[in-house]
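K.L.:
Quick one: this structure, given as structure tokens, is what I'll be asking you about.
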Amino acid sequence: MRALVYNGPKDVAVVDVPDARVEAPTDAVVRITTTNICGSDLHMYEGRTDIETGRIFGHENMGVVEEVGSGVTRLKKGDRVSLPFNIACGHCRNCMRGRTAFCLETNPGTAGAAYGFADMGPYQGGQAEYLRVPFADFNALHLPQGTEHENDFTMLSDIFPTGWHGVELSGMEPGDSVVVMGAGPVGLMAALSAQVRGASVVYVVDRAPDRLALAEKMGAVAVDDSKGDPVEQIMELTDGVGTDRGVEAVGWQAHDHTGVEKPGTTIETLVQSVRATGGIGVVGVFVPEDPGAATEEAKEGRFAFPYGDFWFKGLSMATGQANVKAYNRQLRDLIITGKASPGSIVSHELGLADAVDAYKNFDERVDGWTKVLLHP
Ligand SMILES: NC(=O)c1ccc[n+]([C@@H]2O[C@H](COP(=O)([O-])OP(=O)(O)OC[C@H]3O[C@@H](n4cnc5c(N)ncnc54)[C@H](O)[C@@H]3O)[C@@H](O)[C@H]2O)c1
Ligand SMILES: [Zn+2]
Ligand SMILES: [Zn+2]
């Protein structure tokens, strides 16, 4: 089959690889109809992780079941499914409590596995014609047959649940005001989720004009931090009070508003912008090791944190990968009933052969490249 593989920093290629196949009785093989490129792929693409060469990228996958193992009873050939980026066993201590992003069995020695991802187990990704899906009965979400809502449903594997999770982690309640750091696909999905959940107002901070325009289209207030300190802007917009909640949707490779890479700058902004006793949800990825970082501290995943302000304001903060299965069924139904259209942020739909150029453009944040879908 054809697949996109990692050859080294900023070097990916579409090549022939052995077909994905059933390796355990609980596996299925899915023929991929849509697989998305994600901001998380860029961390690996840029050589900022220890992902090995030859791995197939792609953790945002959907498609049609092609084959099932002898132990699969719920899924059958021809079923249309969305695959959460988390690969979970369904029966470990964390899975039993719905924390499928921290499965203890699928990536032994640590918690949490994913397709085609650094430090998240040996699994191949789905930017390919076919994908092996472990514990398929547990992981796959059934979708209505056919092709309707393809570009909305493809957001169920990661970014829609992840945006939703960021809002959930912030502790948001209806009527709360929310500031989202980052207008990338995850930040935009957090903004959408906050709206669906009844936020009184959502602010989205970024400096990319095309992405800020999408945030505005979703009904959020765009805050362009290239025009000035984001904390000052949010304070001005909230009469000096700050917002009730904050969501971090940038991650450790954040750049401060002057353009200098500074891990932790978004957390600092949130601690200063969220009002006393408010909550912060962090879904942007932070890593324990970053060999490519500029300072010794950052190489070990450490950065300064305004703990005094955080404590004095009585803030709370929750973090981590999204437990996609905790939300994807309900989010699917919001799509089916027309209450949410996450596919509205799609900027490009391409074939697998175009994926190499797509990575380059997306990585360089070429204007207009917001969310790229590949249809292998
Ligand atoms: N927790 C999870 O389960 C999960 C799932 C998917 C993605 N992620 C992570 O979420 C993050 C965002 O993903 P994405 O696909 O939207 O990425 P992206 O790279 O497309 O978008 C990030 C955006 O942040 C903006 N930005 C950079 N520095 C900023 C700053 N200081 N203030 C405001 N905006 C700033 C950039 O201009 C960009 O538009 C990444 O770290 C990704 O790895 C986490
Ligand atoms: Zn993703
Ligand atoms: Zn598990």
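In the structure tokens, each chain is lettered A, B, ... as it comes, each chain's residues begin at 1, and ligands are numbered from 1 in order of appearance.
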Could you report the residues within 10 Å of ligand 3, using only C-alpha atoms and all ligand atoms, as JSON, numbers by chain?
P.N.:
{"A": [86, 87, 88, 89, 90, 91, 92, 93, 94, 95, 96, 97, 98, 99, 100, 101, 102, 103, 104, 105, 106, 107, 111, 112, 113, 135]}
K.L.:
Set out as a tab-separated table a contact list for chain A and ligand 2 with a cut-off of 12 Å, giving each residue of chain A that qualifies its closest atom pair and distance in Å to one decimal, counting only C-alpha atoms and all ligand atoms, ordered by chain and rising residue number.
P.N.:
```
residue	atom	partner	partner_atom_place_in_ligand_line	distance
A:Thr35	CA	ligand 2	1 (Zn)	10.0
A:Asn36	CA	ligand 2	1 (Zn)	7.6
A:Ile37	CA	ligand 2	1 (Zn)	7.1
A:Cys38	CA	ligand 2	1 (Zn)	4.4
A:Gly39	CA	ligand 2	1 (Zn)	6.4
A:Ser40	CA	ligand 2	1 (Zn)	5.4
A:Asp41	CA	ligand 2	1 (Zn)	7.0
A:Leu42	CA	ligand 2	1 (Zn)	9.8
A:His43	CA	ligand 2	1 (Zn)	10.9
A:Met44	CA	ligand 2	1 (Zn)	11.7
A:Phe57	CA	ligand 2	1 (Zn)	10.5
A:Gly58	CA	ligand 2	1 (Zn)	8.0
A:His59	CA	ligand 2	1 (Zn)	6.1
A:Glu60	CA	ligand 2	1 (Zn)	5.7
A:Asn61	CA	ligand 2	1 (Zn)	9.5
A:Leu83	CA	ligand 2	1 (Zn)	11.7
A:Pro84	CA	ligand 2	1 (Zn)	9.8
A:Phe85	CA	ligand 2	1 (Zn)	7.3
A:Asn86	CA	ligand 2	1 (Zn)	10.1
A:Ala114	CA	ligand 2	1 (Zn)	9.9
A:Tyr115	CA	ligand 2	1 (Zn)	10.0
A:Gly116	CA	ligand 2	1 (Zn)	10.5
A:Phe117	CA	ligand 2	1 (Zn)	9.7
A:Gly125	CA	ligand 2	1 (Zn)	11.3
A:Gly126	CA	ligand 2	1 (Zn)	11.6
A:Thr154	CA	ligand 2	1 (Zn)	10.8
A:Met155	CA	ligand 2	1 (Zn)	9.1
A:Leu156	CA	ligand 2	1 (Zn)	10.2
A:Ser157	CA	ligand 2	1 (Zn)	7.8
A:Asp158	CA	ligand 2	1 (Zn)	5.2
A:Ile159	CA	ligand 2	1 (Zn)	6.0
A:Phe160	CA	ligand 2	1 (Zn)	9.7
A:Pro161	CA	ligand 2	1 (Zn)	10.3
A:Thr162	CA	ligand 2	1 (Zn)	8.5
A:Gly163	CA	ligand 2	1 (Zn)	10.8
A:Gly184	CA	ligand 2	1 (Zn)	11.2
A:Pro185	CA	ligand 2	1 (Zn)	9.1
A:Val186	CA	ligand 2	1 (Zn)	8.3
A:Met189	CA	ligand 2	1 (Zn)	11.8
A:Ala249	CA	ligand 2	1 (Zn)	11.7
A:Val283	CA	ligand 2	1 (Zn)	11.0
A:Gly284	CA	ligand 2	1 (Zn)	10.5
A:Val285	CA	ligand 2	1 (Zn)	10.4
A:Gln321	CA	ligand 2	1 (Zn)	10.1
A:Ala322	CA	ligand 2	1 (Zn)	10.2
A:Val324	CA	ligand 2	1 (Zn)	11.1
A:Lys371	CA	ligand 2	1 (Zn)	10.5
A:Val372	CA	ligand 2	1 (Zn)	11.3
A:Leu373	CA	ligand 2	1 (Zn)	11.7
```
K.L.:
Using only C-alpha atoms, please write the residues we just selected to a file, as an mmCIF file, in the first residue's frame.
P.N.:
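Result saved to part_15.cif:
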```cif
data_model
loop_
_atom_site.group_PDB
_atom_site.id
_atom_site.type_symbol
_atom_site.label_atom_id
_atom_site.label_comp_id
_atom_site.auth_asym_id
_atom_site.auth_seq_id
_atom_site.Cartn_x
_atom_site.Cartn_y
_atom_site.Cartn_z
ATOM 1 C CA THR A 35 -6.992 11.247 7.348
ATOM 2 C CA ASN A 36 -6.052 14.717 8.565
ATOM 3 C CA ILE A 37 -2.733 16.440 9.068
ATOM 4 C CA CYS A 38 -2.527 17.818 12.613
ATOM 5 C CA GLY A 39 -0.471 20.435 14.435
ATOM 6 C CA SER A 40 0.817 17.518 16.512
ATOM 7 C CA ASP A 41 2.310 15.985 13.348
ATOM 8 C CA LEU A 42 4.328 19.167 12.877
ATOM 9 C CA HIS A 43 6.188 18.692 16.183
ATOM 10 C CA MET A 44 7.444 15.363 14.725
ATOM 11 C CA PHE A 57 2.307 9.448 10.358
ATOM 12 C CA GLY A 58 -1.416 9.992 10.867
ATOM 13 C CA HIS A 59 -3.539 9.773 14.025
ATOM 14 C CA GLU A 60 -6.744 11.472 12.756
ATOM 15 C CA ASN A 61 -8.351 8.659 10.826
ATOM 16 C CA LEU A 83 -11.053 6.044 15.023
ATOM 17 C CA PRO A 84 -10.078 7.967 18.159
ATOM 18 C CA PHE A 85 -6.400 8.911 18.023
ATOM 19 C CA ASN A 86 -5.985 7.167 21.403
ATOM 20 C CA ALA A 114 -1.715 6.634 19.514
ATOM 21 C CA TYR A 115 -1.325 5.894 15.805
ATOM 22 C CA GLY A 116 1.867 7.158 14.155
ATOM 23 C CA PHE A 117 3.067 9.151 17.110
ATOM 24 C CA GLY A 125 -0.350 5.890 11.372
ATOM 25 C CA GLY A 126 -3.243 6.223 8.975
ATOM 26 C CA THR A 154 -13.246 13.402 10.331
ATOM 27 C CA MET A 155 -12.841 15.937 13.152
ATOM 28 C CA LEU A 156 -14.144 13.333 15.647
ATOM 29 C CA SER A 157 -10.876 11.380 15.754
ATOM 30 C CA ASP A 158 -9.025 14.205 17.497
ATOM 31 C CA ILE A 159 -9.522 17.933 17.268
ATOM 32 C CA PHE A 160 -13.249 18.325 18.015
ATOM 33 C CA PRO A 161 -13.047 16.116 21.138
ATOM 34 C CA THR A 162 -9.714 17.758 22.023
ATOM 35 C CA GLY A 163 -11.173 21.266 21.844
ATOM 36 C CA GLY A 184 -5.110 26.633 15.098
ATOM 37 C CA PRO A 185 -7.566 23.817 14.428
ATOM 38 C CA VAL A 186 -7.585 22.787 18.110
ATOM 39 C CA MET A 189 -12.568 23.590 18.018
ATOM 40 C CA ALA A 249 -4.314 25.247 22.469
ATOM 41 C CA VAL A 283 -4.594 20.614 25.681
ATOM 42 C CA GLY A 284 -1.641 22.067 23.752
ATOM 43 C CA VAL A 285 1.121 19.464 24.006
ATOM 44 C CA GLN A 321 -4.367 14.349 25.991
ATOM 45 C CA ALA A 322 -8.073 14.176 25.250
ATOM 46 C CA VAL A 324 -11.654 11.003 22.760
ATOM 47 C CA LYS A 371 -6.806 22.143 8.188
ATOM 48 C CA VAL A 372 -5.648 19.692 5.545
ATOM 49 C CA LEU A 373 -7.568 16.493 4.789
#
```
K.L.:
Need to verify the contact set: Thr277 (chain A), 9 Å, only C-alpha atoms, exclusion of same-chain residues closer than 2 positions in sequence. Can you return it as a PyMOL selection string?
P.N.:
chain A and resi 244+274-275+279+313-316
K.L.:
Excluding region 226-230 of chain A and residues on its chain fewer than 5 positions from it, collect all residues at most 8 Å away from it, counting only C-alpha atoms, and give them as number ranges by chain.
P.N.:
A: 205-207, 257-258, 269
K.L.:
Which of region 3-160 of chain A end up as alpha helix (DSSP H) when DSSP is run on this backbone - answer as a PyMOL selection string?
P.N.:
chain A and resi 39-45+93-96+136-139+150-153+159-160
K.L.:
I need the strand (DSSP E or B) residues of region 114-258 of chain A per DSSP on the backbone, written as a ChimeraX atom specification.
P.N.:
/A:114,128,130-133,141-142,177-181,201-206,221-224,243-248,255
K.L.:
Compile the contact shell of Ala220 (chain A) as a list in words: residues with an atom at most 8 Å away, counting only C-alpha atoms, same-chain residues fewer than 4 positions apart removed.
P.N.:
Ala191, Val201, Val202, Tyr203, Val204, Ala215 and Glu216 of chain A
K.L.:
Set the distance at 10 Å and use only C-alpha atoms: which residues neighbour Arg329 (chain A) once local chain neighbours fewer than 2 positions away are removed? I'd like the list as a PyMOL selection string.
P.N.:
chain A and resi 82+141-143+156+161+324-327+331-334
K.L.:
Suppose you want the space between CA of Pro144 (chain A) and CA of Lys339 (chain A); what is it in Å?
P.N.:
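Interatomic distance, CA of Pro144 (chain A) to CA of Lys339 (chain A): 16.5 Å.
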K.L.:
What gap, in Å, lies between CA of Gly301 (chain A) and CA of Leu212 (chain A)?
P.N.:
28.8 Å
